[in-house]
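Structure first, commentary second.
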Amino acid sequence: MWDPENLAKIVTTVVVPILTLIGFGSRRRRLRNEIKDNLELVREIEKHQILQEHTLASGWLQGRIALDVARLSGVKLGTPKAPIPKGSVVFAGVLALGFAIWTYWLDRNGFVWYSIFPGLVSILMLISIVGNLTNRQLPPNEVEHLPPGAVLAPTDTAGERIATTVAMAASGSLDDRAAPGGQVDTVFKFVRMLQSGHYQLAISLAEENWILCRVHAWLWNNRSHFGNDVEVLEKLAQVMLGERHNNSIWNDFVATESAQFVTAWKDIKIDDYGFAGRRRRIARDIDLVILVPMGNSGAYFVMSATALPNAMSFLVRRTDDGWKIVNHIGYAPPTPGWPPIWWYTNDPVIEALPDE
């Protein structure tokens with residue numbers, strides 16, 4: 001006759017682990033099959049012109065594949081948790097045990113009313129331990145308002161970071177533009193230098209044409225002092241550019257320009273800005289770099305024409321000396337003149353000109 005107790009032990013020690021192992025194996029096999037099927041689906045999507053060129057379907061699916069591979073490899077992808085405060089738990093445990101023993105000692109010969117107090121302290125310490133061991137999930141970052149049509153690319157958990165990285169790579173957003181000396185890096189350096197009042201350093205990152213247009217604009221805006229004769233103004237501009245540090249008018253120009261940019265950009269928190277992921281080439285050697293305030297939202301995808309509030313647009317040109325700033329407000333290289341043309345709408349200097 002089978003002893004029920006022995007039978008239960010056999011089931012507990014042998015059968016249950018085997019069933020668990022079989023179930024685990026089937027999950028791994030199912031995950032592998034899903035990965036294979038999704039890889040095949042990615043290849044089919046990439047053959048579809050509309051899905052490939054106008055959506056992130058391939059990137060999203062590749063993100064799913066990356067997550068499944070991570071799960072198959074045993075990577076932890078759950079919600080991040082705060083570490084257990086071991087010191088607090090041990091301290092609370094010691095107090096709970098001490099007050100519990102004290103309560104027991106007081107009631108060893110029968111209940112006494114004042115044993116309630118150490119008992120209550122012991123219970124509170126136990127509650128504290130439970131609180132330290134539970135509800136440790138870290139709150140996700142607050143998501144600020146996204147531009148219309150934008151889709152959040154979350155990065156709070158390991159799984160979200162993997163999926164977002166793969167999706168960005170699939171969309172062509174990961175390249176060396178933000179590397180030292182790249183287009184984006186040059187723009188960020190330029191903005192930070194102007195914000196901090198280092199105008200002379202900033203213009204070392206700009207084209208000579210940009211500097212010439214800034215000089216033209218400054219002289220044009222100060223015609224009451226330098227006169228209206230454009231030939232005289234042009235000669236003065238060339239002298240300023242030729243002598244630079246040894247020219248008092250150049251030094252006045254630098255001081256005025258520096259103060260102007262510091263005032264105009266003082267409220268911009270450039271460290272909170274990101275950049276548009278897809279490379280935008282305007283010409284063979286000219287790129288458009290768009291800086292966008294990210295806040296706490298992290299990355300997001302935009303698949304259609306969308307207005308980006310408080311965005312900053314820069315043109316940069318690839319030269320033998322690296323990338324140089326071409327324009328800090330317009331979408332074409334500025335044109336020197338009296339006044340210079342910056343190629344952006346609502347330029348007050350241009351609007352003030354007579355029609356003829």
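As shown in the structure tokens, the chain order sets the letters A, B, ...; within each chain, residues go from 1, and ligands are also counted from 1 in the order they appear.
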
I'd like the contact shell of segment 253-264 of chain A - 8 Å cut-off, only C-alpha atoms, skipping same-chain residues fewer than 3 positions apart - returned as an NGL selection string.
:A and (194-200 or 215 or 218 or 249-250 or 267)

Segment 307-322 of chain A environment, 10 Å, only C-alpha atoms, sequence neighbours closer than 2 positions dropped, as a PyMOL selection string
chain A and resi 146-150+181-184+186-187+205-207+268+273-276+280-294+302+304-305+324-333

Deliver the residues from the most recent selection as a file, using C-alpha atoms, as an mmCIF file, in the first residue's frame.
data_model
loop_
_atom_site.group_PDB
_atom_site.id
_atom_site.type_symbol
_atom_site.label_atom_id
_atom_site.label_comp_id
_atom_site.auth_asym_id
_atom_site.auth_seq_id
_atom_site.Cartn_x
_atom_site.Cartn_y
_atom_site.Cartn_z
ATOM 1 C CA LEU A 146 4.354 66.359 -26.405
ATOM 2 C CA PRO A 147 3.998 68.131 -29.747
ATOM 3 C CA PRO A 148 0.909 67.134 -31.763
ATOM 4 C CA GLY A 149 1.482 63.876 -33.590
ATOM 5 C CA ALA A 150 4.480 62.922 -31.456
ATOM 6 C CA GLY A 181 33.291 67.710 -33.550
ATOM 7 C CA GLY A 182 30.038 66.545 -35.141
ATOM 8 C CA GLN A 183 27.216 68.752 -36.366
ATOM 9 C CA VAL A 184 25.159 68.583 -33.177
ATOM 10 C CA THR A 186 29.282 72.023 -32.726
ATOM 11 C CA VAL A 187 25.851 73.620 -32.348
ATOM 12 C CA LEU A 205 32.916 77.954 -34.676
ATOM 13 C CA ALA A 206 31.170 80.128 -37.270
ATOM 14 C CA GLU A 207 31.811 80.797 -40.932
ATOM 15 C CA ILE A 268 17.222 78.649 -22.558
ATOM 16 C CA TYR A 273 17.518 70.195 -25.133
ATOM 17 C CA GLY A 274 17.825 67.274 -27.488
ATOM 18 C CA PHE A 275 18.148 67.236 -31.246
ATOM 19 C CA ALA A 276 16.094 66.003 -34.162
ATOM 20 C CA ARG A 280 18.586 66.818 -42.585
ATOM 21 C CA ARG A 281 20.895 67.739 -45.451
ATOM 22 C CA ILE A 282 20.219 71.097 -47.097
ATOM 23 C CA ALA A 283 23.082 70.884 -49.579
ATOM 24 C CA ARG A 284 26.053 68.653 -50.301
ATOM 25 C CA ASP A 285 28.019 70.054 -47.374
ATOM 26 C CA ILE A 286 25.291 71.807 -45.338
ATOM 27 C CA ASP A 287 23.111 70.206 -42.649
ATOM 28 C CA LEU A 288 20.142 71.542 -40.736
ATOM 29 C CA VAL A 289 20.384 70.870 -36.991
ATOM 30 C CA ILE A 290 17.227 71.312 -34.915
ATOM 31 C CA LEU A 291 17.481 71.564 -31.139
ATOM 32 C CA VAL A 292 14.281 70.764 -29.262
ATOM 33 C CA PRO A 293 13.464 71.136 -25.547
ATOM 34 C CA MET A 294 12.929 67.654 -24.145
ATOM 35 C CA VAL A 302 7.475 62.428 -35.060
ATOM 36 C CA SER A 304 4.640 63.846 -39.932
ATOM 37 C CA ALA A 305 5.086 67.596 -40.293
ATOM 38 C CA LYS A 324 31.019 75.575 -38.916
ATOM 39 C CA ILE A 325 27.879 77.546 -38.076
ATOM 40 C CA VAL A 326 26.297 78.975 -41.232
ATOM 41 C CA ASN A 327 23.078 80.466 -39.865
ATOM 42 C CA HIS A 328 21.538 80.489 -36.399
ATOM 43 C CA ILE A 329 17.975 81.427 -37.349
ATOM 44 C CA GLY A 330 17.353 80.909 -41.069
ATOM 45 C CA TYR A 331 17.168 78.016 -43.487
ATOM 46 C CA ALA A 332 19.760 79.288 -45.962
ATOM 47 C CA PRO A 333 23.207 80.874 -45.681
#

Check the smallest atom-to-atom distance from each of A:Val42, A:Gly59, A:Ile129, A:Tyr104 to Phe91 of chain A using only C-alpha atoms, then report the winner.
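Closest to Phe91 of chain A, using only C-alpha atoms: A:Ile129.
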
Hey, which of A:Phe188, A:His225, A:Arg28, A:Lys86 ends up closest to Asp272 of chain A? Count only C-alpha atoms.
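Checking each candidate against Asp272 of chain A, we get A:Phe188 as the closest.
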
Taken to one decimal, the atom CA of Ser204 of chain A-atom CA of Val232 of chain A distance is 26.5 Å
